[in-house]
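Note: the block below is query.txt and it holds compact mmCIF, C-alpha atoms.
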```
# COMPACT_ATOMS: atom_id res chain seq x y z
CA MET G 28 -1.76 -5.15 53.07
CA ALA G 29 -0.69 -1.70 52.00
CA ASP G 30 2.75 -2.11 53.57
CA HIS G 31 3.36 -5.20 51.48
CA LEU G 32 2.72 -3.28 48.30
CA ALA G 33 5.01 -0.47 49.33
CA PRO G 34 8.31 -2.08 48.16
CA ALA G 35 6.87 -2.53 44.68
CA LYS G 36 6.55 1.22 44.43
CA GLY G 37 10.28 1.64 44.91
CA ARG G 38 10.77 2.83 41.36
CA ALA G 39 8.05 5.42 41.60
CA ALA G 40 9.60 6.68 44.80
CA ALA G 41 12.71 7.68 42.87
CA ARG G 42 10.66 10.22 40.92
CA PRO G 43 10.14 13.78 42.10
CA ALA G 44 7.44 13.88 44.73
CA ALA G 45 5.14 16.12 42.68
CA ALA G 46 5.16 13.83 39.62
CA ARG G 47 4.62 10.75 41.76
CA GLY G 48 1.64 12.45 43.28
CA ARG G 49 -0.01 13.44 40.03
CA TRP G 50 0.72 10.49 37.75
CA PRO G 51 -1.60 7.96 39.45
CA VAL G 52 -4.39 10.52 39.09
CA ILE G 53 -3.63 11.63 35.52
CA GLN G 54 -2.88 8.24 33.97
CA PRO G 55 -6.36 6.70 34.41
CA TRP G 56 -7.94 9.81 32.88
CA LEU G 57 -5.49 9.70 29.95
CA THR G 58 -6.44 6.07 29.35
CA THR G 59 -10.12 7.04 29.54
CA ALA G 60 -9.47 9.67 26.88
CA ALA G 61 -7.59 7.11 24.78
CA ARG G 62 -10.51 4.69 25.12
CA ALA G 63 -12.94 7.38 24.00
CA GLY G 64 -10.73 8.39 21.06
CA LEU G 65 -10.20 4.86 19.80
CA ALA G 66 -13.90 4.09 20.29
CA ILE G 67 -14.88 7.10 18.19
CA VAL G 68 -12.51 6.05 15.39
CA LEU G 69 -13.68 2.43 15.40
CA GLY G 70 -17.29 3.48 15.80
CA LEU G 71 -17.18 5.87 12.84
CA ALA G 72 -15.33 3.33 10.68
CA GLY G 73 -17.76 0.55 11.57
CA TRP G 74 -20.87 2.68 11.22
CA ALA G 75 -19.85 4.04 7.80
CA LYS G 76 -19.44 0.48 6.52
CA VAL G 77 -22.40 -1.15 8.25
CA THR G 78 -24.84 1.35 6.73
CA GLU G 79 -23.67 0.54 3.19
CA PRO G 80 -25.31 -2.20 1.12
CA PRO G 81 -23.53 -5.56 1.62
CA SER G 82 -22.49 -5.57 -2.02
CA LEU G 83 -20.39 -2.43 -1.52
CA GLN G 84 -18.86 -3.88 1.65
CA LYS G 85 -17.86 -6.96 -0.30
CA LEU G 86 -16.51 -4.85 -3.14
CA ALA G 87 -14.25 -2.98 -0.71
CA VAL G 88 -12.87 -6.25 0.69
CA ARG G 89 -12.52 -7.83 -2.74
CA SER G 90 -10.52 -4.90 -4.09
CA TYR G 91 -7.60 -5.85 -1.79
CA GLN G 92 -7.36 -9.14 -3.74
CA ILE G 93 -6.10 -10.96 -0.67
CA LEU G 94 -8.97 -13.11 0.55
CA PRO G 95 -10.53 -15.99 -1.38
CA GLU G 96 -14.02 -15.24 -2.68
CA GLY G 97 -15.61 -17.43 0.00
CA MET G 98 -14.19 -15.27 2.78
CA VAL G 99 -15.04 -11.93 1.18
CA GLY G 100 -18.68 -11.98 2.29
CA VAL G 101 -17.87 -13.00 5.86
CA VAL G 102 -15.24 -10.29 6.28
CA GLY G 103 -17.32 -7.70 4.43
CA VAL G 104 -20.20 -8.20 6.82
CA GLY G 105 -18.27 -9.19 9.95
CA LEU G 106 -15.49 -6.59 10.02
CA PRO G 107 -17.72 -3.52 10.46
CA VAL G 108 -19.64 -5.29 13.22
CA LEU G 109 -16.39 -6.23 14.93
CA GLU G 110 -15.29 -2.59 14.79
CA LEU G 111 -18.58 -1.48 16.33
CA ALA G 112 -18.42 -4.18 19.02
CA LEU G 113 -14.85 -3.17 19.93
CA ALA G 114 -15.96 0.47 20.08
CA GLY G 115 -18.74 -0.61 22.44
CA LEU G 116 -16.33 -2.46 24.75
CA LEU G 117 -13.99 0.53 24.78
CA VAL G 118 -16.79 2.98 25.60
CA LEU G 119 -18.00 0.81 28.44
CA GLY G 120 -14.47 0.07 29.61
CA PHE G 121 -15.34 -3.59 29.77
CA ALA G 122 -12.51 -6.07 29.09
CA THR G 123 -10.47 -2.98 28.28
CA ARG G 124 -7.23 -4.85 27.78
CA LEU G 125 -8.81 -7.38 25.42
CA ALA G 126 -10.50 -4.61 23.43
CA ALA G 127 -7.20 -2.73 23.16
CA ALA G 128 -5.31 -5.87 22.11
CA ALA G 129 -7.94 -6.80 19.52
CA SER G 130 -8.01 -3.23 18.17
CA ALA G 131 -4.21 -3.21 17.93
CA LEU G 132 -4.27 -6.53 16.09
CA LEU G 133 -6.94 -5.21 13.71
CA LEU G 134 -4.87 -2.10 13.01
CA VAL G 135 -1.79 -4.23 12.32
CA VAL G 136 -3.88 -6.24 9.83
CA PHE G 137 -5.13 -3.01 8.19
CA ILE G 138 -1.61 -1.64 7.91
CA ALA G 139 -0.36 -4.93 6.47
CA GLY G 140 -3.26 -4.89 3.99
CA ILE G 141 -2.41 -1.41 2.75
CA ILE G 142 1.31 -2.25 2.49
CA SER G 143 0.44 -5.39 0.55
CA VAL G 144 -1.79 -3.49 -1.86
CA TRP G 145 0.84 -0.78 -2.28
CA ALA G 146 3.60 -3.34 -2.89
CA ARG G 147 1.50 -5.03 -5.59
CA GLY G 148 0.91 -1.68 -7.28
CA LEU G 149 -2.88 -1.84 -6.95
CA SER G 150 -4.66 1.47 -6.72
CA ILE G 151 -7.65 1.18 -4.43
CA ASP G 152 -9.66 3.20 -1.98
CA CYS G 153 -8.84 1.54 1.37
CA GLY G 154 -12.52 1.61 2.32
CA CYS G 155 -11.39 2.34 5.86
CA PHE G 156 -14.34 4.63 6.54
CA GLY G 157 -16.76 3.21 4.02
CA GLY G 158 -16.47 3.36 0.26
CA GLY G 159 -13.79 1.24 -1.36
CA GLY G 160 -13.02 -0.19 -4.75
CA ALA G 161 -10.75 1.23 -7.42
CA ALA G 162 -9.23 4.68 -6.99
CA PRO G 163 -7.28 7.03 -9.22
CA ARG G 164 -3.60 6.11 -9.59
CA SER G 165 -2.47 9.70 -9.18
CA GLY G 166 -1.28 10.39 -5.64
CA MET G 167 -1.55 6.69 -4.82
CA GLY G 168 1.70 6.50 -2.83
CA ALA G 169 0.94 9.62 -0.80
CA ARG G 170 -2.54 8.28 -0.07
CA TYR G 171 -1.27 4.92 1.14
CA LEU G 172 1.44 6.57 3.22
CA ARG G 173 -1.12 8.86 4.85
CA GLU G 174 -3.37 5.89 5.63
CA ILE G 175 -0.51 3.89 7.13
CA LEU G 176 0.64 6.82 9.28
CA ARG G 177 -2.91 7.43 10.43
CA ASP G 178 -3.34 3.79 11.39
CA LEU G 179 0.03 3.85 13.17
CA GLY G 180 -1.28 6.77 15.21
CA PHE G 181 -4.35 4.75 16.17
CA LEU G 182 -2.04 1.82 16.94
CA VAL G 183 -0.14 3.98 19.43
CA ILE G 184 -3.42 4.81 21.19
CA ALA G 185 -4.39 1.14 21.30
CA GLY G 186 -0.92 0.30 22.64
CA TRP G 187 -1.27 2.89 25.40
CA ILE G 188 -4.54 1.32 26.56
CA LEU G 189 -3.02 -2.15 26.34
CA VAL G 190 -0.06 -1.21 28.54
CA LEU G 191 -1.97 1.09 30.93
CA PRO G 192 -5.49 -0.36 31.07
CA LYS G 193 -6.35 1.30 34.37
CA SER G 194 -8.88 4.01 33.64
CA ARG G 195 -11.77 6.06 34.99
CA LEU G 196 -15.41 5.56 34.03
CA ALA G 197 -14.80 1.90 33.26
CA LEU G 198 -17.04 -1.07 33.85
CA ASP G 199 -13.91 -3.10 34.59
CA ARG G 200 -13.61 -1.34 37.97
CA LEU G 201 -16.98 -2.74 39.03
CA PHE G 202 -15.60 -6.20 38.37
CA GLY G 203 -12.54 -5.45 40.43
CA LEU G 204 -10.13 -4.95 37.53
CA HIS G 205 -7.49 -2.21 37.33
CA ASN G 206 -8.97 -0.47 40.37
CA ASN G 207 -6.19 -0.59 42.97
CA MET K 26 13.21 -17.26 68.53
CA SER K 27 11.39 -14.95 70.89
CA LYS K 28 7.70 -15.20 71.31
CA ALA K 29 7.27 -11.79 69.68
CA ALA K 30 9.38 -12.83 66.66
CA ARG K 31 7.42 -16.08 66.29
CA GLN K 32 4.18 -14.15 66.38
CA ARG K 33 5.43 -11.70 63.76
CA SER K 34 6.53 -14.45 61.41
CA ALA K 35 3.15 -16.17 61.78
CA ARG K 36 1.47 -12.87 60.99
CA ASP K 37 3.73 -12.44 57.96
CA ARG K 38 2.91 -15.91 56.68
CA LEU K 39 -0.79 -15.22 57.09
CA ALA K 40 -0.47 -11.90 55.30
CA GLU K 41 1.55 -13.55 52.54
CA GLU K 42 -1.12 -16.22 52.14
CA ARG K 43 -3.86 -13.58 51.98
CA ARG K 44 -1.90 -11.65 49.39
CA ARG K 45 -1.52 -14.76 47.26
CA GLN K 46 -5.23 -15.46 47.52
CA ALA K 47 -6.07 -11.89 46.57
CA GLN K 48 -3.75 -12.15 43.57
CA ALA K 49 -5.31 -15.43 42.48
CA ALA K 50 -8.78 -13.93 42.81
CA ALA K 51 -7.72 -10.88 40.79
CA ARG K 52 -6.28 -13.12 38.06
CA LYS K 53 -9.52 -15.10 37.98
CA ARG K 54 -11.59 -11.92 37.70
CA ALA K 55 -9.39 -10.62 34.88
CA LEU K 56 -9.69 -13.93 33.06
CA LEU K 57 -13.48 -13.98 33.50
CA VAL K 58 -13.90 -10.42 32.24
CA THR K 59 -11.60 -11.09 29.26
CA LEU K 60 -13.47 -14.27 28.38
CA SER K 61 -16.81 -12.44 28.68
CA GLY K 62 -15.45 -9.72 26.40
CA LEU K 63 -14.34 -12.35 23.88
CA ALA K 64 -17.73 -14.04 24.08
CA VAL K 65 -19.50 -10.71 23.45
CA LEU K 66 -17.32 -10.03 20.39
CA ALA K 67 -17.73 -13.54 19.01
CA LEU K 68 -21.49 -13.59 19.58
CA VAL K 69 -22.18 -10.15 18.13
CA VAL K 70 -20.03 -10.76 15.04
CA GLY K 71 -21.10 -14.39 14.60
CA ILE K 72 -24.81 -13.72 14.88
CA THR K 73 -24.68 -10.71 12.56
CA VAL K 74 -22.71 -12.57 9.90
CA PHE K 75 -25.03 -15.56 10.14
CA VAL K 76 -28.25 -13.54 9.97
CA THR K 77 -27.03 -11.20 7.22
CA THR K 78 -25.69 -14.01 5.06
CA ARG K 79 -28.91 -15.98 5.41
CA GLU K 80 -31.05 -12.93 4.67
CA GLU K 81 -28.98 -12.13 1.62
CA ALA K 82 -29.23 -15.68 0.29
CA ARG K 83 -32.96 -15.61 0.95
CA THR K 84 -33.58 -12.33 -0.90
CA GLN K 85 -31.37 -13.47 -3.76
CA GLN K 86 -33.35 -16.69 -3.99
CA ALA K 87 -36.66 -14.86 -3.67
CA THR K 88 -35.77 -12.40 -6.41
CA ALA K 89 -33.90 -14.79 -8.74
CA TYR K 90 -35.68 -14.66 -12.06
CA THR K 91 -35.59 -17.79 -14.20
CA GLY K 92 -38.71 -17.27 -16.25
CA PRO K 93 -38.87 -16.39 -19.94
CA LEU K 94 -37.13 -13.16 -20.93
CA ALA K 95 -38.82 -10.29 -22.72
CA PRO K 96 -37.91 -10.17 -26.43
CA MET K 97 -34.59 -8.50 -27.24
CA SER K 98 -33.64 -6.56 -30.30
CA ARG K 99 -30.67 -4.57 -31.52
CA ASN K 100 -30.96 -0.91 -32.34
CA ALA K 101 -29.08 0.95 -35.03
CA ASP K 102 -26.80 2.64 -32.48
CA GLY K 103 -25.72 -0.74 -31.07
CA SER K 104 -27.87 -0.58 -27.94
CA ILE K 105 -30.07 -3.54 -27.10
CA THR K 106 -33.73 -3.24 -26.18
CA MET K 107 -35.41 -5.79 -23.94
CA ALA K 108 -39.15 -5.22 -23.75
CA LYS K 109 -42.46 -6.90 -24.35
CA SER K 110 -43.84 -5.85 -27.68
CA GLY K 111 -45.82 -2.64 -27.39
CA VAL K 112 -44.16 -1.57 -24.14
CA ASN K 113 -42.52 1.78 -24.73
CA ALA K 114 -42.43 3.26 -21.24
CA PRO K 115 -41.03 3.69 -18.74
CA VAL K 116 -37.56 3.40 -20.23
CA LEU K 117 -34.67 2.09 -18.14
CA GLU K 118 -31.33 2.85 -19.78
CA ILE K 119 -28.35 0.97 -18.42
CA PHE K 120 -24.89 2.33 -19.21
CA GLU K 121 -22.38 -0.31 -18.19
CA ASP K 122 -18.86 -1.58 -18.66
CA PHE K 123 -18.32 -5.33 -18.32
CA GLN K 124 -15.06 -4.73 -16.44
CA CYS K 125 -16.70 -2.47 -13.83
CA PRO K 126 -16.97 -4.22 -10.45
CA ILE K 127 -19.92 -2.15 -9.23
CA CYS K 128 -21.79 -3.00 -12.45
CA LYS K 129 -21.27 -6.64 -11.47
CA GLU K 130 -22.63 -5.93 -7.99
CA VAL K 131 -25.66 -4.14 -9.44
CA GLU K 132 -26.20 -7.05 -11.80
CA GLU K 133 -26.08 -9.51 -8.90
CA ALA K 134 -28.37 -7.38 -6.75
CA SER K 135 -30.91 -6.18 -9.29
CA GLY K 136 -30.41 -8.09 -12.57
CA SER K 137 -33.24 -10.49 -11.80
CA THR K 138 -35.63 -7.72 -10.82
CA ILE K 139 -34.94 -5.88 -14.07
CA LYS K 140 -35.50 -9.03 -16.15
CA ARG K 141 -38.72 -9.84 -14.31
CA LEU K 142 -40.17 -6.33 -14.69
CA ALA K 143 -39.28 -6.35 -18.40
CA ALA K 144 -40.91 -9.76 -18.86
CA GLU K 145 -44.03 -8.49 -17.06
CA GLY K 146 -44.19 -5.57 -19.46
CA LYS K 147 -43.60 -3.02 -16.73
CA VAL K 148 -40.50 -1.48 -18.27
CA LYS K 149 -38.60 -1.14 -21.51
CA VAL K 150 -34.93 -1.84 -20.84
CA VAL K 151 -32.21 -0.42 -23.07
CA TYR K 152 -28.71 -1.77 -22.48
CA ARG K 153 -25.96 0.58 -23.53
CA PRO K 154 -22.63 -1.19 -23.00
CA PHE K 155 -19.55 0.91 -23.67
CA GLN K 156 -15.87 1.13 -22.85
CA LEU K 157 -15.53 3.29 -19.76
CA PHE K 158 -11.98 2.27 -18.89
CA GLN K 159 -9.31 3.89 -21.01
CA ALA K 160 -6.16 2.69 -19.21
CA GLU K 161 -4.47 -0.73 -19.40
CA PRO K 162 -5.10 -3.51 -18.61
CA LEU K 163 -8.72 -2.65 -17.85
CA SER K 164 -9.35 -0.90 -21.14
CA SER K 165 -8.56 -3.83 -23.40
CA ASN K 166 -10.56 -6.18 -21.16
CA SER K 167 -13.49 -3.76 -21.41
CA ARG K 168 -13.08 -3.42 -25.12
CA ARG K 169 -12.89 -7.14 -25.88
CA ALA K 170 -15.94 -7.83 -23.70
CA ALA K 171 -18.01 -5.02 -25.21
CA ASN K 172 -17.04 -6.13 -28.71
CA ALA K 173 -17.98 -9.76 -28.01
CA ALA K 174 -21.30 -8.75 -26.46
CA LEU K 175 -22.12 -6.77 -29.60
CA CYS K 176 -21.26 -9.84 -31.69
CA THR K 177 -23.91 -12.02 -30.06
CA PRO K 178 -27.32 -12.58 -31.65
CA ALA K 179 -29.86 -10.25 -30.01
CA ASP K 180 -31.84 -13.05 -28.38
CA LYS K 181 -28.74 -14.30 -26.54
CA TRP K 182 -27.62 -10.86 -25.48
CA VAL K 183 -28.75 -10.81 -21.88
CA SER K 184 -27.51 -14.35 -21.19
CA TYR K 185 -24.11 -13.45 -22.62
CA HIS K 186 -24.12 -10.19 -20.66
CA ASP K 187 -24.77 -12.19 -17.44
CA THR K 188 -21.93 -14.58 -18.31
CA LEU K 189 -19.51 -11.70 -18.82
CA PHE K 190 -20.27 -10.30 -15.38
CA GLU K 191 -20.03 -13.76 -13.85
CA PHE K 192 -16.51 -14.20 -15.22
CA GLN K 193 -15.36 -10.61 -14.74
CA PRO K 194 -11.57 -10.63 -14.29
CA PRO K 195 -10.25 -9.12 -11.04
CA GLU K 196 -9.25 -5.49 -11.34
CA GLY K 197 -5.76 -5.00 -12.66
CA LYS K 198 -5.59 -8.48 -14.22
CA GLU K 199 -5.81 -9.28 -17.87
CA GLY K 200 -8.91 -11.27 -18.74
CA PHE K 201 -11.81 -11.65 -21.16
CA SER K 202 -9.51 -13.42 -23.63
CA ASP K 203 -10.88 -13.99 -27.12
CA LYS K 204 -10.66 -17.72 -26.50
CA ASP K 205 -12.84 -17.49 -23.38
CA LEU K 206 -15.23 -15.04 -25.02
CA VAL K 207 -15.82 -17.52 -27.88
CA ALA K 208 -16.13 -20.48 -25.49
CA TRP K 209 -18.70 -18.73 -23.28
CA GLY K 210 -20.72 -17.99 -26.43
CA ARG K 211 -20.54 -21.64 -27.44
CA ASP K 212 -21.82 -22.65 -24.00
CA LEU K 213 -24.88 -20.49 -24.65
CA GLY K 214 -25.41 -22.01 -28.08
CA ILE K 215 -23.77 -19.31 -30.18
CA THR K 216 -21.85 -21.56 -32.52
CA GLY K 217 -21.55 -19.83 -35.87
CA ALA K 218 -18.19 -18.98 -37.43
CA ALA K 219 -19.44 -15.44 -37.79
CA PHE K 220 -19.44 -14.99 -34.00
CA THR K 221 -15.94 -16.45 -33.69
CA SER K 222 -14.46 -14.15 -36.30
CA CYS K 223 -16.45 -11.18 -34.97
CA VAL K 224 -14.80 -11.76 -31.57
CA ASN K 225 -11.31 -12.60 -32.82
CA ASP K 226 -11.14 -9.72 -35.31
CA ALA K 227 -12.82 -7.19 -33.00
CA GLN K 228 -15.27 -6.49 -35.79
CA LYS K 229 -17.52 -4.36 -33.57
CA GLY K 230 -14.67 -2.13 -32.40
CA GLY K 231 -16.02 0.82 -34.35
CA GLN K 232 -19.42 0.40 -32.78
CA VAL K 233 -17.85 0.18 -29.30
CA ASP K 234 -16.13 3.53 -29.97
CA GLN K 235 -19.35 5.02 -31.24
CA MET K 236 -21.28 3.85 -28.18
CA THR K 237 -18.52 5.12 -25.90
CA ARG K 238 -18.68 8.54 -27.55
CA TYR K 239 -22.46 8.54 -27.17
CA ALA K 240 -22.23 7.62 -23.48
CA THR K 241 -19.43 9.94 -22.41
CA GLY K 242 -20.11 12.75 -24.90
CA THR K 243 -23.79 12.97 -25.72
CA ARG K 244 -25.09 11.64 -22.41
CA LYS K 245 -22.28 12.90 -20.15
CA VAL K 246 -21.87 9.56 -18.41
CA THR K 247 -18.69 9.77 -16.32
CA GLY K 248 -18.87 6.48 -14.44
CA THR K 249 -20.55 3.13 -14.46
CA PRO K 250 -23.07 1.93 -13.66
CA THR K 251 -25.15 4.90 -14.73
CA VAL K 252 -28.82 4.09 -15.06
CA PHE K 253 -31.55 6.45 -16.23
CA LEU K 254 -35.23 5.88 -15.63
CA ASP K 255 -37.06 8.05 -18.16
CA GLY K 256 -34.00 10.26 -18.30
CA ARG K 257 -33.60 10.68 -14.55
CA GLN K 258 -30.43 9.18 -13.10
CA LEU K 259 -31.05 6.55 -10.42
CA ASP K 260 -29.12 6.45 -7.16
CA LEU K 261 -26.50 3.71 -6.84
CA GLN K 262 -26.85 2.81 -3.16
CA GLY K 263 -30.49 3.66 -2.69
CA GLN K 264 -31.93 2.16 -5.86
CA LEU K 265 -29.54 0.19 -8.07
CA LEU K 266 -28.19 -1.94 -5.24
CA ASN K 267 -31.60 -2.14 -3.61
CA PRO K 268 -33.90 -4.18 -5.87
CA THR K 269 -37.02 -3.42 -3.80
CA ALA K 270 -36.53 0.33 -4.14
CA LEU K 271 -35.63 -0.08 -7.82
CA ALA K 272 -38.82 -2.03 -8.51
CA GLN K 273 -40.82 0.64 -6.69
CA ALA K 274 -39.25 3.42 -8.74
CA ILE K 275 -39.94 1.57 -11.99
CA THR K 276 -43.50 0.72 -11.03
CA ALA K 277 -44.13 4.30 -9.91
CA ALA K 278 -42.75 5.59 -13.20
CA GLY K 279 -45.23 3.43 -15.09
CA ASP K 280 -48.08 4.09 -12.68
CA PRO K 281 -50.11 6.89 -14.34
CA THR K 282 -51.29 4.39 -16.94
CA PRO K 283 -51.26 1.08 -15.11
CA SER K 284 -54.00 -0.58 -17.21
CA SER K 285 -53.13 0.70 -20.67
CA SER K 286 -50.70 -1.94 -21.79
CA GLY K 287 -47.99 0.11 -23.41
CA SER K 288 -49.73 3.24 -24.61
CA PRO K 289 -47.03 4.94 -26.69
CA ASP K 290 -47.73 8.44 -25.39
CA THR K 291 -46.70 7.53 -21.84
CA THR K 292 -43.61 9.44 -20.93
CA ARG K 293 -43.52 9.30 -17.14
```
Would you mind writing the file's structure down as structure tokens?
Amino acid sequence: MADHLAPAKGRAAARPAAARGRWPVIQPWLTTAARAGLAIVLGLAGWAKVTEPPSLQKLAVRSYQILPEGMVGVVGVGLPVLELALAGLLVLGFATRLAAAASALLLVVFIAGIISVWARGLSIDCGCFGGGGAAPRSGMGARYLREILRDLGFLVIAGWILVLPKSRLALDRLFGLHNN
Amino acid sequence: MSKAARQRSARDRLAEERRRQAQAAARKRALLVTLSGLAVLALVVGITVFVTTREEARTQQATAYTGPLAPMSRNADGSITMAKSGVNAPVLEIFEDFQCPICKEVEEASGSTIKRLAAEGKVKVVYRPFQLFQAEPLSSNSRRAANAALCTPADKWVSYHDTLFEFQPPEGKEGFSDKDLVAWGRDLGITGAAFTSCVNDAQKGGQVDQMTRYATGTRKVTGTPTVFLDGRQLDLQGQLLNPTALAQAITAAGDPTPSSSGSPDTTR
């Protein structure tokens, strides 16, 4: 079977021998590190929100003035749990690709939310890691920009995992995924 | 074709077939794992949202207070006292701004508990509305609402106060129009022309300023809601948004003299 796979590695063969030798070893560990990093971020964000009273969670969601009142409670309660669940999947390395895709989607939604708030001239605390509600207008633009750049950074990490899901210390390997 | 070539091509076909099968199996495994992952996410989030929402509705229902309110009266400084006659302690002072979203949350979470404890004679409540917000458009919303609340007859005060929080305009939007403020009063049975002109002409504006100065100057209140129990500031997350803990704190404050119904010398 191995000789059938060989032609597919034609591109890799064009690389210097040393790099070709190390990359298959390094890449899975890099993805493991990315998984851990993204899991820590999502875990902290989810935990900070989940330990707040539901009324504050709702307040944070409401301050974006995007969702109808009926959805505010569901998102206020559900979003932190989703973040924690995604962190759990990433830590375990189970359904890695799904977890990365869902995290990336979530980050895109967060970024869109902040852009929307910024464009409408609202001054709020993003509530990304707990808190939320109104915030001082001074330094509003710089704050939003910082939050967007930070989320873009996280998005890059999620994208890495999505494209290169093969990693070490992952439950997926037990199920025969990304283990060749 | 030579025998050797035929054999090789048969071997190739077999290998090709095996490879296809392996690929199909791998795809199936990937799909299964992804679906399991999706199921885990959906279940965890779905169950939590369901349970939390139901619990919240249940506690809100369990704590909703619809009984008779303790008598209310206006004080010279504009504040409103809600207490059974003879109950002088413990004192719960509520500094609030009708435009403040967290005040609305506190009202939703703990308003009923406060009313019930006051009606049971366990606490003397002093409402101190003021105008926290000083920038547009929040400030004029705040100001109109505070003015209108001060225009209401004392016995309607808490009901009007609840109405204002119920219809709190979203942050950054103009709201609490004089027309609405008058209409909400009418819905509660405040019909006199005096109320209408008091709202329309902002007749209590001076008192709003005075109460704002008292809150921010004399009492050093920098945000809302700020609630003092016998002069000690209560914690927002731990007590104001947690009616059980709030009730405990109030009961504990009144505990040293549980049987003496409102002995005036009680300070703790």
*If we count only C-alpha atoms, which residues of chain K reach to within 8 Å of chain G? Please list them as a list in words.*
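Only these qualify: Ala40, Arg44, Ala51, Arg54, Ala55, Val58, Thr59, Ser61, Gly62, Leu63, Val65, Leu66, Val69, Val70, Gly71, Thr73, Val74, Thr77, Thr78, Pro126, Ile127, Glu130, Ala134, Pro195, Glu196, Gly197, Gln262, Leu266 and Asn267 of chain K.
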For region 56-70 of chain G, what centre and edge lengths in Å (one decimal) does the axis-aligned box get once 5 Å is added on each side of all its listed atoms, as AutoDock Vina command-line options?
```
--center_x -11.4 --center_y 6.1 --center_z 24.1 --size_x 21.8 --size_y 17.4 --size_z 27.5
```
*Extract, using all atoms listed in the file, all DNA, RNA and protein residues at most 9 Å from region 175-179 of chain G, discarding same-chain residues fewer than 3 positions from it, and format them as a PyMOL selection string.*
chain G and resi 134-135+137-139+141-142+170-172+182-184
Please save C-alpha atoms of the selected residues as an mmCIF file, keeping the file's coordinate frame.
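Result file again16.cif:
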```cif
data_model
loop_
_atom_site.group_PDB
_atom_site.id
_atom_site.type_symbol
_atom_site.label_atom_id
_atom_site.label_comp_id
_atom_site.auth_asym_id
_atom_site.auth_seq_id
_atom_site.Cartn_x
_atom_site.Cartn_y
_atom_site.Cartn_z
ATOM 1 C CA LEU G 134 -4.870 -2.100 13.010
ATOM 2 C CA VAL G 135 -1.790 -4.230 12.320
ATOM 3 C CA PHE G 137 -5.130 -3.010 8.190
ATOM 4 C CA ILE G 138 -1.610 -1.640 7.910
ATOM 5 C CA ALA G 139 -0.360 -4.930 6.470
ATOM 6 C CA ILE G 141 -2.410 -1.410 2.750
ATOM 7 C CA ILE G 142 1.310 -2.250 2.490
ATOM 8 C CA ARG G 170 -2.540 8.280 -0.070
ATOM 9 C CA TYR G 171 -1.270 4.920 1.140
ATOM 10 C CA LEU G 172 1.440 6.570 3.220
ATOM 11 C CA LEU G 182 -2.040 1.820 16.940
ATOM 12 C CA VAL G 183 -0.140 3.980 19.430
ATOM 13 C CA ILE G 184 -3.420 4.810 21.190
#
```
_Need the shell around Thr247 (chain K): protein/DNA/RNA residues with any atom at most 12 Å away, counting only C-alpha atoms. Skip same-chain ones fewer than 2 positions apart. Format as a PyMOL selection string?_
chain K and resi 120-122+155-158+237-245+249-252
*Within 10 Å of region 59-66 of chain G, counting all atoms listed in the file, which residues qualify if same-chain residues fewer than 3 places away don't, as a PyMOL selection string?*
chain G and resi 53-56+69-72+110-120+123+126-127+130+181-188+192-197
*Shortest interatomic distance to Ala87 (chain K) - which of K:Gly214, K:Thr138, K:Pro154, K:Asp260, counting all atoms listed in the file*: K:Thr138
_Just to confirm, what's the straight-line distance from CA of Pro268 (chain K) to CA of Pro96 (chain K) in Å (one decimal)?_
21.8 Å
*Contact residues around Gly157 (chain G) with only C-alpha atoms at 9 Å, ignoring same-chain residues under 5 positions, as number ranges by chain*: G: 72-79, 83-84, 87
Contacts of Thr216 (chain K) within 10 Å, all atoms listed in the file, excl. fewer than 6 positions in-chain, as a compact mmCIF listing (two decimals) with C-alpha atoms, in the coordinates of the input:
```txt
# COMPACT_ATOMS: atom_id res chain seq x y z
CA VAL K 207 -15.82 -17.52 -27.88
CA ALA K 208 -16.13 -20.48 -25.49
CA GLY K 210 -20.72 -17.99 -26.43
```
*asked:* Just to confirm, what's the straight-line distance from CA of Arg168 (chain K) to CA of Ser202 (chain K) in Å (one decimal)?
replied: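 Going from CA of Arg168 (chain K) over to CA of Ser202 (chain K), I get 10.7 Å.
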*asked:* Quick check, in Å to one decimal: how far apart do CA of Arg147 (chain G) and CA of Val88 (chain G) lie?
replied: 15.7 Å
*For Phe201 (chain K), the nearest of the candidates K:Gln235, K:Thr188, K:Ser27, K:Gln85, counting only C-alpha atoms*: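 Closest candidate: K:Thr188.
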